[in-house]
>>> print(open('model06.txt').read())   # compact mmCIF, C-alpha atoms
# COMPACT_ATOMS: atom_id res chain seq x y z
CA MET I 12 50.97 -27.07 8.75
CA PHE I 13 50.28 -28.39 12.21
CA MET I 14 46.55 -28.51 13.05
CA PRO I 15 45.58 -28.97 16.71
CA VAL I 16 43.48 -31.99 17.48
CA VAL I 17 40.16 -31.01 19.05
CA PRO I 18 38.88 -33.65 21.46
CA ARG I 19 35.51 -35.00 20.40
CA LEU I 20 33.96 -34.23 23.78
CA SER I 21 34.75 -30.54 23.34
CA LEU I 22 32.51 -30.51 20.26
CA LEU I 23 29.48 -31.68 22.20
CA PRO I 24 28.61 -28.28 23.74
CA LEU I 25 28.86 -26.68 20.31
CA LEU I 26 26.72 -29.37 18.75
CA LEU I 27 24.14 -29.11 21.54
CA ALA I 28 24.00 -25.34 21.19
CA ALA I 29 23.43 -25.67 17.45
CA ILE I 30 20.63 -28.18 18.00
CA LEU I 31 18.95 -25.96 20.60
CA ALA I 32 19.26 -22.91 18.36
CA THR I 33 17.67 -24.80 15.47
CA ALA I 34 14.85 -26.03 17.70
CA ALA I 35 14.23 -22.50 18.98
CA ALA I 36 14.12 -21.18 15.44
CA ARG I 37 11.51 -23.78 14.57
CA ALA I 38 9.35 -23.11 17.63
CA ALA I 39 6.56 -20.56 17.47
CA ASP I 40 3.91 -18.91 19.62
CA HIS I 41 1.33 -18.67 16.85
CA ALA I 42 -0.58 -20.64 14.22
CA THR I 43 -2.62 -20.00 11.09
CA ILE I 44 -6.25 -21.10 11.19
CA LEU I 45 -8.01 -21.69 7.87
CA MET I 46 -11.81 -21.51 7.56
CA TYR I 47 -13.92 -23.29 4.96
CA HIS I 48 -17.68 -23.72 4.48
CA ARG I 49 -18.64 -25.59 1.28
CA PHE I 50 -16.74 -27.83 -1.12
CA GLY I 51 -17.61 -28.12 -4.80
CA GLU I 52 -20.90 -26.21 -4.43
CA ASP I 53 -20.27 -23.76 -7.24
CA GLN I 54 -23.66 -22.05 -6.87
CA TYR I 55 -22.38 -20.50 -3.61
CA PRO I 56 -19.07 -18.89 -4.66
CA SER I 57 -18.74 -16.63 -1.61
CA THR I 58 -18.61 -19.60 0.79
CA ASN I 59 -17.43 -22.36 -1.54
CA VAL I 60 -14.05 -23.65 -2.63
CA ARG I 61 -13.83 -25.59 -5.84
CA ILE I 62 -12.66 -29.17 -5.46
CA ALA I 63 -9.52 -28.47 -7.49
CA GLN I 64 -8.74 -25.55 -5.17
CA PHE I 65 -9.16 -27.66 -2.04
CA GLU I 66 -7.02 -30.46 -3.44
CA GLU I 67 -4.32 -27.91 -4.25
CA HIS I 68 -4.51 -26.56 -0.69
CA LEU I 69 -4.06 -30.04 0.75
CA GLU I 70 -1.16 -30.76 -1.58
CA ILE I 71 0.60 -27.53 -0.54
CA LEU I 72 0.11 -28.35 3.15
CA ALA I 73 1.36 -31.91 2.61
CA SER I 74 4.43 -31.03 0.56
CA GLY I 75 5.65 -27.88 2.33
CA PRO I 76 7.19 -27.10 5.74
CA TYR I 77 3.80 -27.11 7.46
CA SER I 78 2.38 -28.95 10.46
CA VAL I 79 -1.40 -29.50 10.41
CA TRP I 80 -2.49 -29.75 14.04
CA PRO I 81 -5.85 -30.20 15.75
CA LEU I 82 -7.27 -26.82 16.67
CA GLU I 83 -7.83 -27.96 20.27
CA GLU I 84 -4.15 -28.85 20.61
CA ILE I 85 -3.02 -25.51 19.20
CA VAL I 86 -5.24 -23.61 21.66
CA SER I 87 -3.99 -25.75 24.56
CA HIS I 88 -0.35 -25.08 23.68
CA LEU I 89 -0.78 -21.35 23.19
CA GLN I 90 -2.74 -20.94 26.41
CA ALA I 91 -0.09 -22.86 28.35
CA GLY I 92 2.75 -20.87 26.77
CA LYS I 93 4.08 -24.01 25.10
CA PRO I 94 5.61 -23.59 21.63
CA VAL I 95 4.20 -25.11 18.47
CA PRO I 96 6.21 -25.79 15.31
CA ASP I 97 6.68 -22.81 13.05
CA ARG I 98 4.10 -22.76 10.25
CA THR I 99 1.55 -24.74 12.23
CA VAL I 100 -1.87 -24.73 10.55
CA ALA I 101 -5.38 -25.69 11.70
CA ILE I 102 -8.24 -26.49 9.32
CA THR I 103 -11.72 -25.42 10.44
CA ILE I 104 -15.05 -25.80 8.68
CA ASP I 105 -18.28 -23.97 9.54
CA ASP I 106 -21.91 -25.08 9.21
CA ALA I 107 -21.76 -28.87 8.55
CA TYR I 108 -22.93 -28.74 4.96
CA LEU I 109 -23.31 -32.09 3.25
CA SER I 110 -20.33 -31.40 0.98
CA VAL I 111 -18.13 -31.54 4.11
CA TYR I 112 -19.05 -35.19 4.49
CA GLU I 113 -19.07 -36.07 0.78
CA GLU I 114 -16.09 -34.08 -0.48
CA ALA I 115 -13.86 -32.74 2.32
CA MET I 116 -13.89 -35.63 4.77
CA PRO I 117 -12.51 -38.35 2.45
CA ARG I 118 -9.79 -36.03 1.19
CA LEU I 119 -8.78 -35.04 4.72
CA LYS I 120 -8.67 -38.70 5.77
CA GLU I 121 -6.55 -39.60 2.75
CA ARG I 122 -3.98 -36.97 3.75
CA GLY I 123 -4.17 -37.78 7.46
CA PHE I 124 -5.11 -34.16 8.23
CA HIS I 125 -7.17 -33.13 11.23
CA ALA I 126 -10.02 -30.62 10.99
CA THR I 127 -12.58 -29.09 13.35
CA LEU I 128 -16.23 -28.73 12.34
CA PHE I 129 -18.30 -25.92 13.92
CA ILE I 130 -21.97 -26.89 14.01
CA ALA I 131 -25.28 -25.09 14.57
CA THR I 132 -27.53 -27.85 15.88
CA ARG I 133 -31.03 -26.92 14.66
CA PRO I 134 -30.44 -27.42 10.90
CA VAL I 135 -29.11 -30.89 11.73
CA ASP I 136 -32.05 -31.63 14.03
CA ARG I 137 -34.50 -30.61 11.31
CA ASN I 138 -32.77 -32.70 8.64
CA HIS I 139 -32.31 -29.69 6.39
CA ARG I 140 -31.46 -30.61 2.84
CA ASN I 141 -27.77 -30.20 2.06
CA TYR I 142 -26.73 -30.52 5.74
CA MET I 143 -25.00 -33.43 7.42
CA SER I 144 -27.08 -35.73 9.60
CA TRP I 145 -26.21 -36.65 13.17
CA ASP I 146 -25.15 -40.10 11.93
CA GLN I 147 -22.73 -38.48 9.49
CA ILE I 148 -21.43 -36.15 12.21
CA ARG I 149 -20.87 -39.21 14.42
CA GLU I 150 -18.80 -40.69 11.58
CA TRP I 151 -16.80 -37.46 11.48
CA GLN I 152 -16.28 -37.66 15.24
CA ALA I 153 -15.36 -41.37 15.13
CA ALA I 154 -12.71 -40.61 12.49
CA GLY I 155 -10.95 -38.42 15.07
CA PHE I 156 -12.00 -35.02 13.77
CA GLY I 157 -12.93 -32.16 16.10
CA ILE I 158 -16.34 -30.73 16.98
CA GLY I 159 -17.02 -27.11 17.88
CA SER I 160 -20.19 -25.15 18.59
CA GLN I 161 -21.86 -22.47 16.51
CA THR I 162 -25.06 -22.12 18.61
CA GLN I 163 -28.45 -23.68 17.93
CA THR I 164 -29.90 -21.51 15.13
CA HIS I 165 -26.84 -19.56 13.85
CA PRO I 166 -28.19 -16.10 14.82
CA HIS I 167 -26.69 -12.64 14.50
CA MET I 168 -25.59 -12.70 18.12
CA HIS I 169 -24.82 -8.97 18.45
CA ARG I 170 -28.46 -8.21 17.58
CA THR I 171 -29.88 -10.82 19.97
CA SER I 172 -30.48 -10.39 23.70
CA ILE I 173 -28.06 -11.97 26.13
CA GLU I 174 -30.89 -14.12 27.48
CA ALA I 175 -31.69 -15.43 24.01
CA ASN I 176 -28.01 -16.05 23.27
CA ARG I 177 -27.62 -17.89 26.56
CA GLU I 178 -30.57 -20.10 25.59
CA GLU I 179 -28.97 -20.71 22.17
CA LEU I 180 -25.86 -22.04 23.87
CA ARG I 181 -27.75 -24.05 26.49
CA VAL I 182 -29.93 -25.84 23.95
CA SER I 183 -27.09 -26.53 21.53
CA ASN I 184 -24.93 -27.92 24.34
CA GLU I 185 -27.75 -30.25 25.34
CA ARG I 186 -28.06 -31.47 21.76
CA PHE I 187 -24.31 -32.08 21.47
CA LEU I 188 -24.37 -34.09 24.71
CA ALA I 189 -27.41 -36.10 23.61
CA GLU I 190 -26.12 -36.90 20.11
CA LEU I 191 -22.33 -36.97 20.49
CA GLY I 192 -21.71 -37.39 24.21
CA ILE I 193 -19.55 -34.27 24.36
CA ARG I 194 -19.90 -30.59 25.13
CA PRO I 195 -17.69 -28.58 22.75
CA THR I 196 -15.07 -26.32 24.32
CA LEU I 197 -14.40 -24.26 21.18
CA PHE I 198 -16.85 -21.75 19.72
CA ALA I 199 -17.15 -19.93 16.39
CA TYR I 200 -19.28 -16.79 16.25
CA PRO I 201 -21.93 -17.15 13.51
CA TYR I 202 -20.99 -14.86 10.60
CA GLY I 203 -17.99 -13.83 12.71
CA GLU I 204 -20.33 -11.39 14.51
CA TYR I 205 -20.24 -10.55 18.21
CA ASN I 206 -20.03 -7.69 20.68
CA LEU I 207 -18.40 -7.36 24.09
CA ASP I 208 -21.45 -8.82 25.87
CA VAL I 209 -21.41 -11.86 23.59
CA VAL I 210 -17.69 -12.38 24.21
CA GLU I 211 -18.27 -12.26 27.96
CA LEU I 212 -21.17 -14.73 27.69
CA VAL I 213 -19.08 -17.19 25.69
CA LYS I 214 -16.42 -17.01 28.41
CA THR I 215 -18.80 -17.46 31.32
CA VAL I 216 -20.61 -20.51 29.90
CA GLY I 217 -17.31 -22.39 29.68
CA PHE I 218 -15.86 -22.15 26.18
CA VAL I 219 -12.06 -21.94 26.34
CA ALA I 220 -11.59 -20.05 23.06
CA ALA I 221 -13.69 -18.44 20.34
CA PHE I 222 -13.09 -17.58 16.70
CA GLY I 223 -14.17 -14.86 14.30
CA GLN I 224 -13.92 -14.47 10.55
CA ASN I 225 -11.27 -11.75 10.42
CA SER I 226 -7.91 -12.37 8.77
CA GLY I 227 -4.83 -12.77 10.92
CA VAL I 228 -2.46 -15.22 12.57
CA ALA I 229 -3.65 -16.56 15.93
CA HIS I 230 -1.41 -16.07 18.95
CA GLY I 231 -3.45 -15.12 22.04
CA TYR I 232 -1.33 -12.06 22.91
CA ASP I 233 -4.50 -10.08 23.61
CA GLY I 234 -6.77 -12.98 24.61
CA PHE I 235 -8.38 -16.10 23.19
CA TYR I 236 -11.96 -15.02 22.46
CA GLU I 237 -11.47 -13.04 19.24
CA LEU I 238 -9.05 -15.34 17.46
CA PRO I 239 -8.74 -14.79 13.70
CA ARG I 240 -9.17 -17.20 10.82
CA PHE I 241 -8.36 -16.84 7.14
CA ALA I 242 -11.55 -17.45 5.13
CA MET I 243 -11.06 -19.56 2.02
CA ASN I 244 -13.50 -19.32 -0.90
CA GLU I 245 -13.44 -19.29 -4.68
CA GLN I 246 -12.26 -15.67 -4.93
CA TYR I 247 -9.85 -15.71 -1.98
CA GLY I 248 -8.65 -19.28 -2.21
CA ASN I 249 -5.92 -19.07 -4.82
CA ARG I 250 -2.45 -20.44 -4.21
CA GLU I 251 -0.87 -17.04 -3.58
CA ARG I 252 -3.30 -16.09 -0.81
CA LEU I 253 -3.11 -19.50 0.83
CA GLU I 254 0.68 -19.34 0.93
CA LEU I 255 0.63 -15.80 2.34
CA ALA I 256 -1.67 -17.05 5.11
CA ILE I 257 0.14 -20.25 6.04
CA ASN I 258 3.53 -18.52 5.97
CA GLY I 259 2.18 -15.55 7.91
CA LEU I 260 3.36 -14.20 11.24
CA PRO I 261 1.30 -12.52 13.96
CA LEU I 262 0.98 -8.76 14.14
CA LYS I 263 0.57 -8.51 17.91
CA VAL I 264 -1.47 -5.59 19.21
CA SER I 265 -3.33 -4.59 22.36
CA GLU I 266 -5.34 -1.64 23.74
CA ILE I 267 -7.54 -1.66 20.65
CA VAL I 268 -9.89 1.31 20.20
CA PRO I 269 -12.80 0.98 19.73
CA GLU I 270 -12.81 -2.07 21.98
CA ASP I 271 -16.18 -3.24 20.66
CA VAL I 272 -16.40 -4.19 16.97
CA VAL I 273 -20.02 -2.98 16.85
CA LEU I 274 -19.54 0.65 15.88
CA LYS I 275 -21.21 3.47 17.76
CA GLU I 276 -19.74 5.99 15.31
CA ASN I 277 -18.76 5.49 11.71
CA PRO I 278 -16.04 6.02 10.63
CA PRO I 279 -14.41 4.84 13.84
CA LEU I 280 -11.39 6.44 15.46
CA TYR I 281 -9.35 3.26 15.15
CA GLY I 282 -6.06 2.53 16.87
CA PHE I 283 -3.98 -0.01 18.78
CA THR I 284 -0.65 -0.45 20.56
CA LEU I 285 1.99 -2.63 18.95
CA ALA I 286 3.70 -5.27 21.06
CA PRO I 287 7.33 -4.53 21.97
CA ASP I 288 8.69 -7.19 19.61
CA MET I 289 6.90 -5.70 16.59
CA ASP I 290 10.02 -3.85 15.45
CA GLN I 291 9.03 -2.68 11.96
CA GLU I 292 6.32 -0.28 13.13
CA ARG I 293 7.20 2.36 10.54
CA GLN I 294 6.27 -0.10 7.82
CA LEU I 295 2.78 -0.80 9.16
CA ARG I 296 0.20 -0.58 6.38
CA CYS I 297 -3.58 -0.83 6.73
CA PHE I 298 -6.22 -1.37 4.05
CA ASN I 299 -9.97 -1.36 3.53
CA SER I 300 -11.76 -2.67 0.43
CA LYS I 301 -13.55 0.63 -0.24
CA TYR I 302 -10.74 3.09 0.49
CA GLY I 303 -7.65 1.03 -0.26
CA LYS I 304 -4.55 2.06 1.67
CA LEU I 305 -5.39 4.06 4.79
CA ASP I 306 -3.52 6.83 6.59
CA VAL I 307 -1.49 5.43 9.51
CA ALA I 308 0.18 7.59 12.16
CA ILE I 309 2.76 6.01 14.49
CA ILE I 310 3.38 7.69 17.86
CA GLY I 311 5.82 5.61 19.87
CA ARG I 312 4.28 2.14 19.76
CA ARG I 313 0.79 3.49 19.19
CA ALA I 314 -0.77 3.21 15.72
CA GLU I 315 -3.69 5.45 14.76
CA ILE I 316 -5.58 4.55 11.57
CA ARG I 317 -7.83 7.13 9.96
CA LEU I 318 -10.52 6.35 7.42
CA PRO I 319 -11.53 9.03 4.88
CA GLY I 320 -15.22 8.13 5.20
CA PRO I 321 -17.64 5.69 6.79
CA LEU I 322 -17.20 1.95 6.50
CA VAL I 323 -19.78 0.45 4.17
CA GLY I 324 -21.73 -2.79 4.41
CA LYS I 325 -23.01 -4.59 7.48
CA ARG I 326 -19.59 -6.19 7.95
CA ALA I 327 -16.49 -4.19 7.02
CA ARG I 328 -12.87 -5.16 7.48
CA VAL I 329 -9.65 -3.29 8.07
CA ASN I 330 -6.55 -5.42 7.50
CA CYS I 331 -3.09 -4.35 8.64
CA THR I 332 0.23 -5.88 7.61
CA MET I 333 3.89 -5.40 8.44
CA PRO I 334 6.99 -7.05 6.95
CA GLY I 335 8.55 -9.78 9.08
CA PRO I 336 11.74 -11.81 8.80
CA ASP I 337 12.60 -14.04 5.84
CA GLY I 338 10.19 -12.31 3.47
CA ARG I 339 7.14 -13.25 5.57
CA TRP I 340 4.29 -10.90 6.47
CA ARG I 341 2.66 -10.09 9.77
CA TRP I 342 -1.17 -9.88 9.73
CA PHE I 343 -3.85 -8.32 11.91
CA GLY I 344 -7.43 -7.95 10.71
CA ARG I 345 -10.53 -6.60 12.39
CA GLN I 346 -14.14 -6.98 11.26
CA PHE I 347 -16.39 -4.07 12.22
CA LEU I 348 -20.19 -4.30 12.38
CA THR I 349 -22.01 -1.18 11.27
CA GLU I 350 -25.49 -2.20 12.51
>>> encode(input="model06.txt", output="structure tokens")
Amino acid sequence: MFMPVVPRLSLLPLLLAAILATAAARAADHATILMYHRFGEDQYPSTNVRIAQFEEHLEILASGPYSVWPLEEIVSHLQAGKPVPDRTVAITIDDAYLSVYEEAMPRLKERGFHATLFIATRPVDRNHRNYMSWDQIREWQAAGFGIGSQTQTHPHMHRTSIEANREELRVSNERFLAELGIRPTLFAYPYGEYNLDVVELVKTVGFVAAFGQNSGVAHGYDGFYELPRFAMNEQYGNRERLELAINGLPLKVSEIVPEDVVLKENPPLYGFTLAPDMDQERQLRCFNSKYGKLDVAIIGRRAEIRLPGPLVGKRARVNCTMPGPDGRWRWFGRQFLTE
């Protein structure tokens, strides 16, 4: 049978289109941010990961289709509308405990992974036992790792006056400049707690992005001052949860009610509007640890979530998920403060 000869040059547009399509499929407008505190400090299970757990996490990140990027670079790309590789991950660590220096830092260096350390300056200044020293933090900095701020004294910022919070940030910035020669541009709310006034303060004093402790995939669709992070600890640091997080997709929402996470009424009348490209809205599911699966009503692109009773505990979370492509899950979590 006669087969026509296709000139090689005519294949180039097809090849180029295939390359561009593959690149587009690999590009993303989101990233997963992991949060750690302590390493191998088994007496603090709620904020600790066991060494074996952390080593498994690093092995999964090293051997899978993941790109571990500096948090600063992720924020810069997302704010500029520039894509990042699909399954991009940032590692963050709060509080500068000594185990960061002794256990996490050498393992991160061995893997060539970047991480950002959020620091409250007073415990370091006072040489608190079990905290890193400024010399050790300078070693961290010299190794190319990132530095972020977590105030001076790590207060409950939503319970503190704006004037006191402003002073917290002023003093801590002065200490960072004196000891490290830099003023951090990224901020993590202590305990993941804030209110609208705190968010506005963090913006006005010059931080370019801020992070909570609510689960979700970061994307910036509704701003860069309540970005989520997946907390890793002994209970919630198993392989299954890590892989759900680092393979997660964003559940993009806006027009969140109540706008402030500090509740004026409990239970809240909770709702949000799904972004136009969230096309599985009928499969949205929301959960709370006390009540389990919650009632969700979808009206157009608006989701209304109703709780059967008040949220319990000083910090209470509602997590929402939706199936995405390729067996992946979309995440959006919100931490509410009840007092």
>>> closest_residue(input="model06.txt", among="I:Leu318, I:Leu305, I:Val182, I:Leu128", to="Met116 of chain I", atoms="only C-alpha atoms")
I:Leu128
>>> closest_residue(input="model06.txt", among="I:Thr284, I:Asn59, I:Thr164, I:Asn138", to="Ala115 of chain I", atoms="all atoms listed in the file")
I:Asn59
>>> closest_residue(input="model06.txt", among="I:Leu188, I:Leu180, I:Ile130, I:Met243", to="Gly217 of chain I", atoms="all atoms listed in the file")
I:Leu180
>>> closest_atom_pairs(input="model06.txt", of="segment 75-133 of chain I", to="segment 225-241 of chain I", cutoff="9 Å", atoms="only C-alpha atoms", output="CSV")
residue,atom,partner,partner_atom,distance
I:Val86,CA,I:Phe235,CA,8.3
I:Leu89,CA,I:His230,CA,6.8
I:Gln90,CA,I:Gly231,CA,7.3
I:Thr103,CA,I:Arg240,CA,8.6
>>> closest_atom_pairs(input="model06.txt", of="segment 205-286 of chain I", to="segment 60-63 of chain I", cutoff="12 Å", atoms="all atoms listed in the file", output="Markdown table")
| residue | atom | partner | partner_atom | distance |
| --- | --- | --- | --- | --- |
| I:Ala242 | CA | I:Val60 | CA | 10.2 |
| I:Met243 | CA | I:Val60 | CA | 6.9 |
| I:Asn244 | CA | I:Val60 | CA | 4.7 |
| I:Glu245 | CA | I:Val60 | CA | 4.9 |
| I:Gln246 | CA | I:Val60 | CA | 8.5 |
| I:Tyr247 | CA | I:Val60 | CA | 9.0 |
| I:Gly248 | CA | I:Val60 | CA | 7.0 |
| I:Asn249 | CA | I:Val60 | CA | 9.6 |
| I:Arg250 | CA | I:Ala63 | CA | 11.2 |
>>> write_last_selection(input="model06.txt", atoms="C-alpha atoms", output="PDB file, in the frame of the given file")
ATOM      1  CA  ALA I 242     -11.550 -17.450   5.130  1.00  0.00           C
ATOM      2  CA  MET I 243     -11.060 -19.560   2.020  1.00  0.00           C
ATOM      3  CA  ASN I 244     -13.500 -19.320  -0.900  1.00  0.00           C
ATOM      4  CA  GLU I 245     -13.440 -19.290  -4.680  1.00  0.00           C
ATOM      5  CA  GLN I 246     -12.260 -15.670  -4.930  1.00  0.00           C
ATOM      6  CA  TYR I 247      -9.850 -15.710  -1.980  1.00  0.00           C
ATOM      7  CA  GLY I 248      -8.650 -19.280  -2.210  1.00  0.00           C
ATOM      8  CA  ASN I 249      -5.920 -19.070  -4.820  1.00  0.00           C
ATOM      9  CA  ARG I 250      -2.450 -20.440  -4.210  1.00  0.00           C
TER      10      ARG I 250
END
>>> closest_residue(input="model06.txt", among="I:Val307, I:Ala154, I:Ala38, I:Ala256", to="Pro117 of chain I", atoms="all atoms listed in the file")
I:Ala154
>>> atom_distance(input="model06.txt", atom1="atom CA of Val95 of chain I", atom2="atom CA of His41 of chain I")
7.2 Å
>>> residues_around(input="model06.txt", residues="Tyr202 of chain I", least_positions_apart="6", cutoff="8 Å", atoms="only C-alpha atoms", output="list in words")
His167, Gly223 and Gln224 of chain I
>>> closest_residue(input="model06.txt", among="I:Ile104, I:Glu185, I:Lys93, I:Val329", to="Arg133 of chain I", atoms="only C-alpha atoms")
I:Glu185
>>> closest_residue(input="model06.txt", among="I:Ser300, I:Gly311, I:Tyr205, I:Leu274", to="Met168 of chain I", atoms="only C-alpha atoms")
I:Tyr205
>>> residues_around(input="model06.txt", residues="Glu70 of chain I", least_positions_apart="6", cutoff="12 Å", atoms="all atoms listed in the file", output="list in words")
Ala63, Gln64, Pro76, Tyr77, Arg118, Leu119, Glu121, Arg122, Gly123, Phe124, Arg250, Leu253 and Glu254 of chain I
>>> residues_around(input="model06.txt", residues="Gly192 of chain I", least_positions_apart="2", cutoff="12 Å", atoms="all atoms listed in the file", output="mmCIF file with C-alpha atoms, keeping the file's coordinate frame")
data_model
loop_
_atom_site.group_PDB
_atom_site.id
_atom_site.type_symbol
_atom_site.label_atom_id
_atom_site.label_comp_id
_atom_site.auth_asym_id
_atom_site.auth_seq_id
_atom_site.Cartn_x
_atom_site.Cartn_y
_atom_site.Cartn_z
ATOM 1 C CA TRP I 145 -26.210 -36.650 13.170
ATOM 2 C CA ARG I 149 -20.870 -39.210 14.420
ATOM 3 C CA GLN I 152 -16.280 -37.660 15.240
ATOM 4 C CA ALA I 153 -15.360 -41.370 15.130
ATOM 5 C CA ILE I 158 -16.340 -30.730 16.980
ATOM 6 C CA ASN I 184 -24.930 -27.920 24.340
ATOM 7 C CA GLU I 185 -27.750 -30.250 25.340
ATOM 8 C CA ARG I 186 -28.060 -31.470 21.760
ATOM 9 C CA PHE I 187 -24.310 -32.080 21.470
ATOM 10 C CA LEU I 188 -24.370 -34.090 24.710
ATOM 11 C CA ALA I 189 -27.410 -36.100 23.610
ATOM 12 C CA GLU I 190 -26.120 -36.900 20.110
ATOM 13 C CA ARG I 194 -19.900 -30.590 25.130
ATOM 14 C CA PRO I 195 -17.690 -28.580 22.750
#
>>> atom_distance(input="model06.txt", atom1="atom CA of Pro319 of chain I", atom2="atom CA of Cys297 of chain I")
12.8 Å
>>> atom_distance(input="model06.txt", atom1="atom CA of Glu211 of chain I", atom2="atom CA of Ala199 of chain I")
13.9 Å
>>> axis_aligned_box(input="model06.txt", around="segment 190-197 of chain I", padding_each_side="8 Å", output="lines of an AutoDock Vina configuration file")
center_x = -20.3
center_y = -30.8
center_z = 22.6
size_x = 27.7
size_y = 29.1
size_z = 21.0
>>> residues_near_point(input="model06.txt", point="(-14.2, -0.2, -0.5)", cutoff="12 Å", atoms="only C-alpha atoms", output="ChimeraX atom specification")
/I:298-305,318-324,326-329
>>> residues_around(input="model06.txt", residues="Arg339 of chain I", least_positions_apart="6", cutoff="9 Å", atoms="only C-alpha atoms", output="list in words")
Leu255, Asn258, Gly259, Leu260 and Met333 of chain I
>>> write_last_selection(input="model06.txt", atoms="C-alpha atoms", output="mmCIF file, in the frame of the given file")
data_model
loop_
_atom_site.group_PDB
_atom_site.id
_atom_site.type_symbol
_atom_site.label_atom_id
_atom_site.label_comp_id
_atom_site.auth_asym_id
_atom_site.auth_seq_id
_atom_site.Cartn_x
_atom_site.Cartn_y
_atom_site.Cartn_z
ATOM 1 C CA LEU I 255 0.630 -15.800 2.340
ATOM 2 C CA ASN I 258 3.530 -18.520 5.970
ATOM 3 C CA GLY I 259 2.180 -15.550 7.910
ATOM 4 C CA LEU I 260 3.360 -14.200 11.240
ATOM 5 C CA MET I 333 3.890 -5.400 8.440
#
>>> residues_near_point(input="model06.txt", point="(-16.0, -20.8, 20.2)", cutoff="9 Å", atoms="only C-alpha atoms", output="PyMOL selection string")
chain I and resi 129+159-161+195-200+213+218-223+236
>>> build_atoms(input="model06.txt", residues="segment 58-69 of chain I", atoms="N, CA and C atoms", output="tab-separated table (two decimals), keeping the file's coordinate frame")
chain	number	residue	atom	x	y	z
I	58	THR	N	-18.94	-18.70	-0.32
I	58	THR	CA	-18.61	-19.60	0.79
I	58	THR	C	-18.05	-20.94	0.31
I	59	ASN	N	-17.86	-21.09	-0.96
I	59	ASN	CA	-17.43	-22.36	-1.54
I	59	ASN	C	-15.97	-22.31	-2.00
I	60	VAL	N	-15.29	-23.46	-1.89
I	60	VAL	CA	-14.05	-23.65	-2.63
I	60	VAL	C	-14.28	-24.76	-3.65
I	61	ARG	N	-13.74	-24.56	-4.83
I	61	ARG	CA	-13.83	-25.59	-5.84
I	61	ARG	C	-12.99	-26.80	-5.41
I	62	ILE	N	-13.37	-27.95	-5.85
I	62	ILE	CA	-12.66	-29.17	-5.46
I	62	ILE	C	-11.18	-29.09	-5.85
I	63	ALA	N	-10.92	-28.59	-7.05
I	63	ALA	CA	-9.52	-28.47	-7.49
I	63	ALA	C	-8.74	-27.53	-6.57
I	64	GLN	N	-9.40	-26.46	-6.11
I	64	GLN	CA	-8.74	-25.55	-5.17
I	64	GLN	C	-8.40	-26.27	-3.87
I	65	PHE	N	-9.39	-26.99	-3.32
I	65	PHE	CA	-9.16	-27.66	-2.04
I	65	PHE	C	-8.07	-28.72	-2.16
I	66	GLU	N	-8.07	-29.46	-3.25
I	66	GLU	CA	-7.02	-30.46	-3.44
I	66	GLU	C	-5.65	-29.80	-3.54
I	67	GLU	N	-5.59	-28.64	-4.19
I	67	GLU	CA	-4.32	-27.91	-4.25
I	67	GLU	C	-3.89	-27.46	-2.87
I	68	HIS	N	-4.84	-26.96	-2.05
I	68	HIS	CA	-4.51	-26.56	-0.69
I	68	HIS	C	-3.92	-27.72	0.10
I	69	LEU	N	-4.55	-28.88	0.01
I	69	LEU	CA	-4.06	-30.04	0.75
I	69	LEU	C	-2.68	-30.47	0.26
